[in-house]
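So this one's start25.csv, CSV, C-alpha atoms:
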chain,number,residue,atom,x,y,z
A,1,MET,CA,298.6,37.8,205.8
A,2,ASN,CA,295.7,40.0,206.6
A,3,THR,CA,296.4,43.5,205.3
A,4,VAL,CA,294.7,45.4,208.1
A,5,GLU,CA,296.6,43.5,210.7
A,6,LEU,CA,299.8,44.0,208.9
A,7,VAL,CA,299.3,47.7,208.6
A,8,PHE,CA,298.4,47.9,212.3
A,9,PHE,CA,301.5,45.9,213.2
A,10,ALA,CA,303.6,48.2,211.0
A,11,VAL,CA,302.3,51.3,212.6
A,12,ALA,CA,302.8,49.9,216.1
A,13,THR,CA,306.3,48.9,215.2
A,14,PHE,CA,307.0,52.3,213.8
A,15,PHE,CA,305.8,53.9,217.0
A,16,VAL,CA,307.8,51.5,219.2
A,17,LEU,CA,311.1,51.7,217.5
A,18,GLY,CA,310.8,55.3,216.3
A,19,GLY,CA,309.9,56.4,219.8
A,20,GLY,CA,312.7,54.5,221.2
A,21,VAL,CA,315.3,56.0,218.9
A,22,PHE,CA,313.8,59.5,219.5
A,23,THR,CA,314.1,58.9,223.3
A,24,VAL,CA,317.7,58.0,223.1
A,25,ALA,CA,318.8,60.5,220.5
A,26,GLN,CA,317.3,63.7,221.7
A,27,ARG,CA,319.3,66.2,223.7
A,28,ASN,CA,316.2,67.9,225.2
A,29,PRO,CA,314.8,65.6,227.9
A,30,ILE,CA,311.3,66.8,227.3
A,31,ARG,CA,311.5,65.5,223.7
A,32,SER,CA,313.0,62.3,225.1
A,33,ALA,CA,309.9,61.9,227.4
A,34,MET,CA,307.7,62.4,224.4
A,35,GLY,CA,309.6,59.7,222.5
A,36,LEU,CA,309.1,57.4,225.5
A,37,LEU,CA,305.4,58.2,225.4
A,38,THR,CA,305.2,57.3,221.7
A,39,SER,CA,307.1,54.0,222.4
A,40,ILE,CA,304.8,53.1,225.2
A,41,VAL,CA,301.7,53.8,223.1
A,42,GLY,CA,303.1,51.5,220.5
A,43,VAL,CA,303.8,48.7,223.0
A,44,ALA,CA,300.2,49.1,224.2
A,45,GLY,CA,299.0,48.6,220.6
A,46,MET,CA,301.1,45.4,220.4
A,47,TYR,CA,299.4,44.2,223.6
A,48,LEU,CA,296.1,44.8,221.9
A,49,MET,CA,297.2,42.6,219.0
A,50,LEU,CA,298.3,39.9,221.4
A,51,SER,CA,294.9,39.9,223.0
A,52,ALA,CA,296.1,41.4,226.3
A,53,GLU,CA,293.5,44.1,226.5
A,54,PHE,CA,293.7,44.6,230.3
A,55,LEU,CA,297.5,45.0,230.1
A,56,ALA,CA,297.1,47.5,227.2
A,57,ALA,CA,294.9,49.6,229.4
A,58,ILE,CA,297.3,49.3,232.4
A,59,GLN,CA,300.2,50.2,230.1
A,60,ILE,CA,298.5,53.4,229.0
A,61,LEU,CA,297.3,54.3,232.6
A,62,VAL,CA,300.5,53.5,234.5
A,63,TYR,CA,303.2,54.3,232.0
A,64,SER,CA,301.9,57.3,230.0
A,65,GLY,CA,299.6,58.5,232.8
A,66,ALA,CA,302.0,58.2,235.7
A,67,VAL,CA,305.6,57.5,234.8
A,68,VAL,CA,305.9,59.9,231.8
A,69,ILE,CA,304.1,62.6,233.8
A,70,LEU,CA,306.5,62.1,236.7
A,71,PHE,CA,309.4,62.4,234.3
A,72,LEU,CA,307.9,65.6,232.9
A,73,PHE,CA,307.4,67.0,236.4
A,74,VAL,CA,311.0,66.4,237.3
A,75,ILE,CA,312.3,67.8,234.0
A,76,MET,CA,310.3,71.0,234.5
A,77,LEU,CA,311.4,71.2,238.2
A,78,LEU,CA,315.0,71.0,237.1
A,79,GLY,CA,314.5,73.6,234.4
A,80,PRO,CA,317.1,74.3,231.7
A,81,SER,CA,319.8,72.5,233.6
A,82,ALA,CA,318.1,69.2,232.7
A,83,MET,CA,319.4,69.7,229.1
A,84,SER,CA,322.3,67.4,228.3
A,85,GLU,CA,325.1,69.4,226.8
A,86,ARG,CA,327.4,68.0,224.2
A,87,ASP,CA,330.9,67.1,225.3
A,88,THR,CA,333.6,64.8,224.0
A,89,LYS,CA,335.8,64.4,227.1
A,90,THR,CA,335.0,60.8,228.1
A,91,ALA,CA,333.0,59.8,225.1
A,92,ILE,CA,335.4,57.3,223.5
A,93,SER,CA,335.0,54.5,226.0
A,94,ARG,CA,331.3,54.9,226.0
A,95,TYR,CA,331.1,54.9,222.3
A,96,LEU,CA,333.4,51.8,222.2
A,97,ALA,CA,331.2,50.0,224.7
A,98,ALA,CA,328.0,50.9,223.0
A,99,GLY,CA,329.5,50.0,219.6
A,100,VAL,CA,330.6,46.5,220.8
A,101,PHE,CA,327.2,45.9,222.3
A,102,LEU,CA,325.4,47.2,219.2
A,103,ALA,CA,327.5,45.0,216.9
A,104,SER,CA,327.0,41.8,219.0
A,105,SER,CA,323.3,42.3,219.6
A,106,GLY,CA,322.7,43.5,216.1
A,107,GLY,CA,324.3,40.2,214.9
A,108,ALA,CA,322.1,38.3,217.3
A,109,LEU,CA,319.0,40.1,215.9
A,110,PHE,CA,320.1,39.4,212.3
A,111,LEU,CA,320.5,35.7,213.2
A,112,LEU,CA,317.1,35.7,214.8
A,113,ALA,CA,315.5,37.3,211.8
A,114,ARG,CA,316.9,34.9,209.3
A,115,MET,CA,316.3,31.9,211.5
A,116,ALA,CA,315.3,28.8,209.6
A,117,GLY,CA,311.9,27.1,210.1
A,118,ALA,CA,308.4,28.2,209.6
A,119,PRO,CA,307.3,31.2,211.7
A,120,THR,CA,305.1,30.3,214.7
A,121,LEU,CA,301.6,31.3,213.7
A,122,LEU,CA,299.3,32.1,216.6
A,123,LYS,CA,296.1,30.2,217.1
A,124,ALA,CA,292.9,32.0,218.0
A,125,ALA,CA,292.9,32.9,221.6
A,126,PRO,CA,290.3,31.2,223.9
A,127,ALA,CA,287.3,33.3,224.9
A,128,GLY,CA,288.1,35.7,227.7
A,129,PHE,CA,291.9,35.4,227.4
A,130,GLY,CA,293.6,38.5,228.6
A,131,HIS,CA,290.3,40.0,229.9
A,132,ILE,CA,290.2,41.6,233.3
A,133,GLU,CA,288.0,38.8,234.7
A,134,ALA,CA,290.3,35.9,233.8
A,135,LEU,CA,293.4,37.9,234.8
A,136,GLY,CA,291.8,39.0,238.1
A,137,ARG,CA,290.8,35.4,239.0
A,138,GLU,CA,294.4,34.3,238.6
A,139,LEU,CA,295.8,37.4,240.3
A,140,PHE,CA,293.7,37.1,243.4
A,141,ALA,CA,293.9,33.3,243.7
A,142,ALA,CA,297.2,31.9,242.7
A,143,GLU,CA,299.2,35.1,242.8
A,144,LEU,CA,297.8,36.7,245.9
A,145,VAL,CA,301.0,36.9,247.9
A,146,PRO,CA,303.0,38.6,245.1
A,147,PHE,CA,300.1,40.9,244.6
A,148,GLU,CA,300.1,42.0,248.2
A,149,LEU,CA,303.9,42.3,248.2
A,150,SER,CA,303.8,44.6,245.2
A,151,GLY,CA,301.4,46.8,247.1
A,152,ALA,CA,303.9,46.9,250.0
A,153,LEU,CA,306.6,47.6,247.5
A,154,LEU,CA,304.7,50.6,246.1
A,155,LEU,CA,304.1,52.0,249.6
A,156,VAL,CA,307.8,51.7,250.5
A,157,ALA,CA,308.8,53.3,247.2
A,158,VAL,CA,306.5,56.2,247.8
A,159,VAL,CA,307.8,56.8,251.3
A,160,GLY,CA,311.3,56.3,250.2
A,161,ALA,CA,310.9,58.7,247.2
A,162,VAL,CA,309.5,61.4,249.5
A,163,ALA,CA,312.3,60.8,252.1
A,164,VAL,CA,315.0,61.0,249.5
A,165,ALA,CA,313.6,63.9,247.4
A,166,ARG,CA,312.7,66.1,250.3
A,167,GLY,CA,316.1,66.6,251.8
A,168,LYS,CA,317.5,69.9,253.2
A,169,GLN,CA,318.3,72.7,250.9
A,170,ILE,CA,322.1,72.9,251.1
A,171,ASP,CA,323.7,76.4,251.0
A,172,PRO,CA,324.6,76.8,247.3
A,173,THR,CA,327.6,78.9,248.2
A,174,LEU,CA,329.3,75.8,249.7
A,175,HIS,CA,329.0,74.0,246.5
A,176,PRO,CA,330.7,75.7,243.5
A,177,LYS,CA,329.0,74.9,240.2
A,178,VAL,CA,330.4,71.9,238.5
A,179,GLY,CA,333.2,72.8,236.1
A,180,GLU,CA,334.1,76.0,237.8
A,181,ALA,CA,336.2,74.5,240.6
A,182,PRO,CA,337.6,71.0,240.9
A,183,PRO,CA,335.4,69.1,243.3
A,184,ASN,CA,338.2,67.3,245.1
A,185,ALA,CA,336.7,67.1,248.6
A,186,LEU,CA,333.5,66.3,250.2
A,187,PRO,CA,331.5,69.4,251.0
A,188,LYS,CA,332.2,70.6,254.4
A,189,GLU,CA,329.5,71.6,256.8
A,190,SER,CA,331.4,74.5,258.2
A,191,ALA,CA,328.7,77.0,258.5
A,192,LYS,CA,326.3,75.2,260.7
B,1,MET,CA,294.6,39.2,215.2
B,2,THR,CA,296.2,35.9,214.4
B,3,SER,CA,298.0,36.5,211.2
B,4,ILE,CA,301.2,38.1,212.6
B,5,PRO,CA,303.7,35.4,213.7
B,6,LEU,CA,305.2,35.3,217.1
B,7,GLU,CA,308.7,36.0,215.8
B,8,TYR,CA,307.7,39.4,214.6
B,9,PHE,CA,306.8,40.6,218.1
B,10,LEU,CA,310.0,39.0,219.5
B,11,ILE,CA,312.2,40.8,216.9
B,12,VAL,CA,310.5,44.2,217.7
B,13,ALA,CA,311.0,43.5,221.4
B,14,ALA,CA,314.7,42.6,220.9
B,15,ALA,CA,315.2,45.8,218.8
B,16,LEU,CA,313.6,47.9,221.5
B,17,PHE,CA,315.8,46.3,224.1
B,18,LEU,CA,318.8,47.0,221.9
B,19,ILE,CA,317.8,50.7,221.6
B,20,GLY,CA,317.3,51.0,225.3
B,21,SER,CA,320.6,49.4,226.3
B,22,VAL,CA,322.6,51.4,223.7
B,23,GLY,CA,321.0,54.5,225.0
B,24,PHE,CA,321.9,53.5,228.6
B,25,LEU,CA,325.5,53.1,227.6
B,26,LEU,CA,325.8,56.2,225.5
B,27,ARG,CA,323.9,58.9,227.3
B,28,ARG,CA,325.0,60.6,230.5
B,29,ASN,CA,321.9,62.6,231.3
B,30,LEU,CA,320.4,60.8,234.3
B,31,LEU,CA,316.9,61.4,233.1
B,32,VAL,CA,317.6,59.8,229.8
B,33,LEU,CA,319.2,56.9,231.5
B,34,LEU,CA,316.0,56.2,233.5
B,35,MET,CA,314.0,56.5,230.3
B,36,SER,CA,316.3,53.9,228.7
B,37,ILE,CA,315.6,51.6,231.6
B,38,GLU,CA,311.9,52.0,231.0
B,39,LEU,CA,312.4,51.2,227.3
B,40,MET,CA,314.2,48.0,228.2
B,41,LEU,CA,311.5,47.0,230.7
B,42,ASN,CA,308.9,47.6,228.0
B,43,ALA,CA,310.8,45.3,225.6
B,44,VAL,CA,310.9,42.5,228.2
B,45,ASN,CA,307.2,43.0,228.9
B,46,LEU,CA,306.4,42.7,225.2
B,47,THR,CA,308.3,39.4,225.1
B,48,LEU,CA,306.5,38.0,228.1
B,49,VAL,CA,303.1,38.9,226.7
B,50,ALA,CA,304.0,37.5,223.2
B,51,TYR,CA,305.0,34.2,224.7
B,52,ASN,CA,301.9,34.1,226.9
B,53,ARG,CA,299.9,34.5,223.7
B,54,VAL,CA,301.3,31.1,222.5
B,55,TYR,CA,300.6,29.2,225.7
B,56,THR,CA,297.1,30.4,226.5
B,57,GLU,CA,296.2,27.9,229.2
B,58,SER,CA,297.4,30.3,231.9
B,59,HIS,CA,298.1,34.0,232.2
B,60,THR,CA,301.5,33.7,233.8
B,61,GLY,CA,303.3,36.0,231.4
B,62,GLN,CA,300.7,38.7,231.6
B,63,ILE,CA,300.6,38.6,235.4
B,64,PHE,CA,304.4,38.8,235.4
B,65,THR,CA,304.1,41.8,233.2
B,66,PHE,CA,301.7,43.3,235.6
B,67,PHE,CA,304.2,43.0,238.4
B,68,VAL,CA,307.0,44.3,236.2
B,69,ILE,CA,304.9,47.4,235.5
B,70,ALA,CA,304.4,47.9,239.2
B,71,VAL,CA,308.1,47.5,239.9
B,72,ALA,CA,308.9,49.9,237.1
B,73,ALA,CA,306.6,52.6,238.5
B,74,ALA,CA,308.3,52.2,241.9
B,75,GLU,CA,311.7,52.3,240.3
B,76,ALA,CA,310.9,55.5,238.3
B,77,ALA,CA,309.6,57.2,241.5
B,78,VAL,CA,312.7,56.4,243.5
B,79,GLY,CA,315.1,57.0,240.7
B,80,LEU,CA,313.7,60.4,240.0
B,81,ALA,CA,313.8,61.2,243.7
B,82,ILE,CA,317.5,60.3,243.6
B,83,VAL,CA,318.0,62.5,240.6
B,84,LEU,CA,316.4,65.4,242.4
B,85,ALA,CA,318.6,64.8,245.5
B,86,PHE,CA,321.7,64.5,243.3
B,87,PHE,CA,320.8,67.7,241.5
B,88,ARG,CA,320.4,69.5,244.9
B,89,VAL,CA,324.0,68.5,245.8
B,90,ARG,CA,325.8,68.9,242.5
B,91,LYS,CA,323.5,71.3,240.4
B,92,SER,CA,323.8,68.9,237.5
B,93,VAL,CA,322.1,65.8,236.1
B,94,ARG,CA,325.1,64.3,234.3
B,95,SER,CA,326.1,60.9,235.5
B,96,ASP,CA,329.8,61.9,235.1
B,97,ASP,CA,329.4,64.4,237.9
B,98,ALA,CA,328.6,61.7,240.4
B,99,ASP,CA,332.2,61.5,241.4
B,100,LEU,CA,332.3,62.6,245.0
B,101,LEU,CA,333.8,59.3,246.1
B,102,ARG,CA,336.6,59.4,243.6
B,103,ASN,CA,339.3,60.9,245.8
Do you think you could lay out the structure here as structure tokens?
Amino acid sequence: MNTVELVFFAVATFFVLGGGVFTVAQRNPIRSAMGLLTSIVGVAGMYLMLSAEFLAAIQILVYSGAVVILFLFVIMLLGPSAMSERDTKTAISRYLAAGVFLASSGGALFLLARMAGAPTLLKAAPAGFGHIEALGRELFAAELVPFELSGALLLVAVVGAVAVARGKQIDPTLHPKVGEAPPNALPKESAK
Amino acid sequence: MTSIPLEYFLIVAAALFLIGSVGFLLRRNLLVLLMSIELMLNAVNLTLVAYNRVYTESHTGQIFTFFVIAVAAAEAAVGLAIVLAFFRVRKSVRSDDADLLRN
């Protein structure tokens, strides 16, 4: 195996998996967002290795440029209440479910890793594979309808996000803070 | 870049999906739940791109990944808007507090 490629792959793997674990394990959501960013950059590196250069650029632009920034905006909008506090009330069923899932899929991963047979070595990619020209030709010819539909989807998502997030500011005195009083009824709109 | 076998990428993608799904099951911070969904979508994208690298006569996997990225962006926008609306009602971002329909 080529050492340079192996080192690149190892670094990308470290970014992907380390960032993923960091995302899931951190209590501060800003650190989680940074872990997500690391993981995304690692995946972009893997795209480069798989000769998907256009997708690597899109990954950096859309994910780390838009999605992670959106996450950061929302976290900073929420302020310190975005922190996840530690509690052990309903944790057992969650840990049980995650443990069962972790065990079964860890076993599947182990079986996949020790699978018999020679590994599938990749042949050299044809010229222009994964470049924006080849991808664009296919995108605007064969996949034109899904492409236009994804544009419509993005428009609907933007309008929906604005409509959902705008909302009216509800009087905070009508809603006691969670944990202070049992929320046993729907909030009444008695004032107005 | 042809000396890394396909299976290595698939194993990394499977491990990333595993991390994301366990995080989705374990955490109760809504923001972290959305981030876990993004991790899982990234894992699936990596699998699609890796298989497309084997069958190079078309770009179907990469184009599918393109659409998945678009849908993921839309999902993140709407999901975060819902988190904001939820926070406005309950002053919390814990998924356990979404229990207004319980009674």
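Comparing the minimum interatomic distances between Ala70 in chain B and each of A:Met46, A:Gln59, A:Ser104, A:Phe22, counting only C-alpha atoms, we find that A:Gln59 sits nearest.
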Using all atoms listed in the file, determine which residues of chain B fall within 6 Å of chain A; present them as an NGL selection string.
-> :B and (1-3 or 5-6 or 22-23 or 25-26 or 29 or 74 or 78 or 81 or 84-85)
Shell around Ser36 in chain B at 7 Å using only C-alpha atoms, local window under 6 positions removed, as an MDAnalysis selection string = chainID B and resid 20:21 23:24
Writer output for current selection, C-alpha atoms, as a PDB file, in the coordinates of the input:
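What follows is the written file part.pdb:
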ATOM      1  CA  GLY B  20     317.300  51.000 225.300  1.00  0.00           C
ATOM      2  CA  SER B  21     320.600  49.400 226.300  1.00  0.00           C
ATOM      3  CA  GLY B  23     321.000  54.500 225.000  1.00  0.00           C
ATOM      4  CA  PHE B  24     321.900  53.500 228.600  1.00  0.00           C
TER       5      PHE B  24
END
Could you state the separation of CA of Thr56 in chain B and CA of Leu39 in chain B in Å, given to one decimal place?
-> 25.8 Å
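Counting all atoms listed in the file and comparing B:Arg27, B:Leu46, B:Leu34, B:Phe87, the residue that lies closest to Phe9 in chain B is B:Leu46.
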In terms of the shortest atom-to-atom distance over all atoms listed in the file, which of B:Leu101, B:Phe17, B:Asn45, B:Ala50 is closest to Val71 in chain B?
-> B:Asn45
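The space separating CA of Gln62 in chain B from CA of Val49 in chain B comes to 5.5 Å.
Going from CA of Thr65 in chain B to CA of Val44 in chain B covers 8.5 Å.
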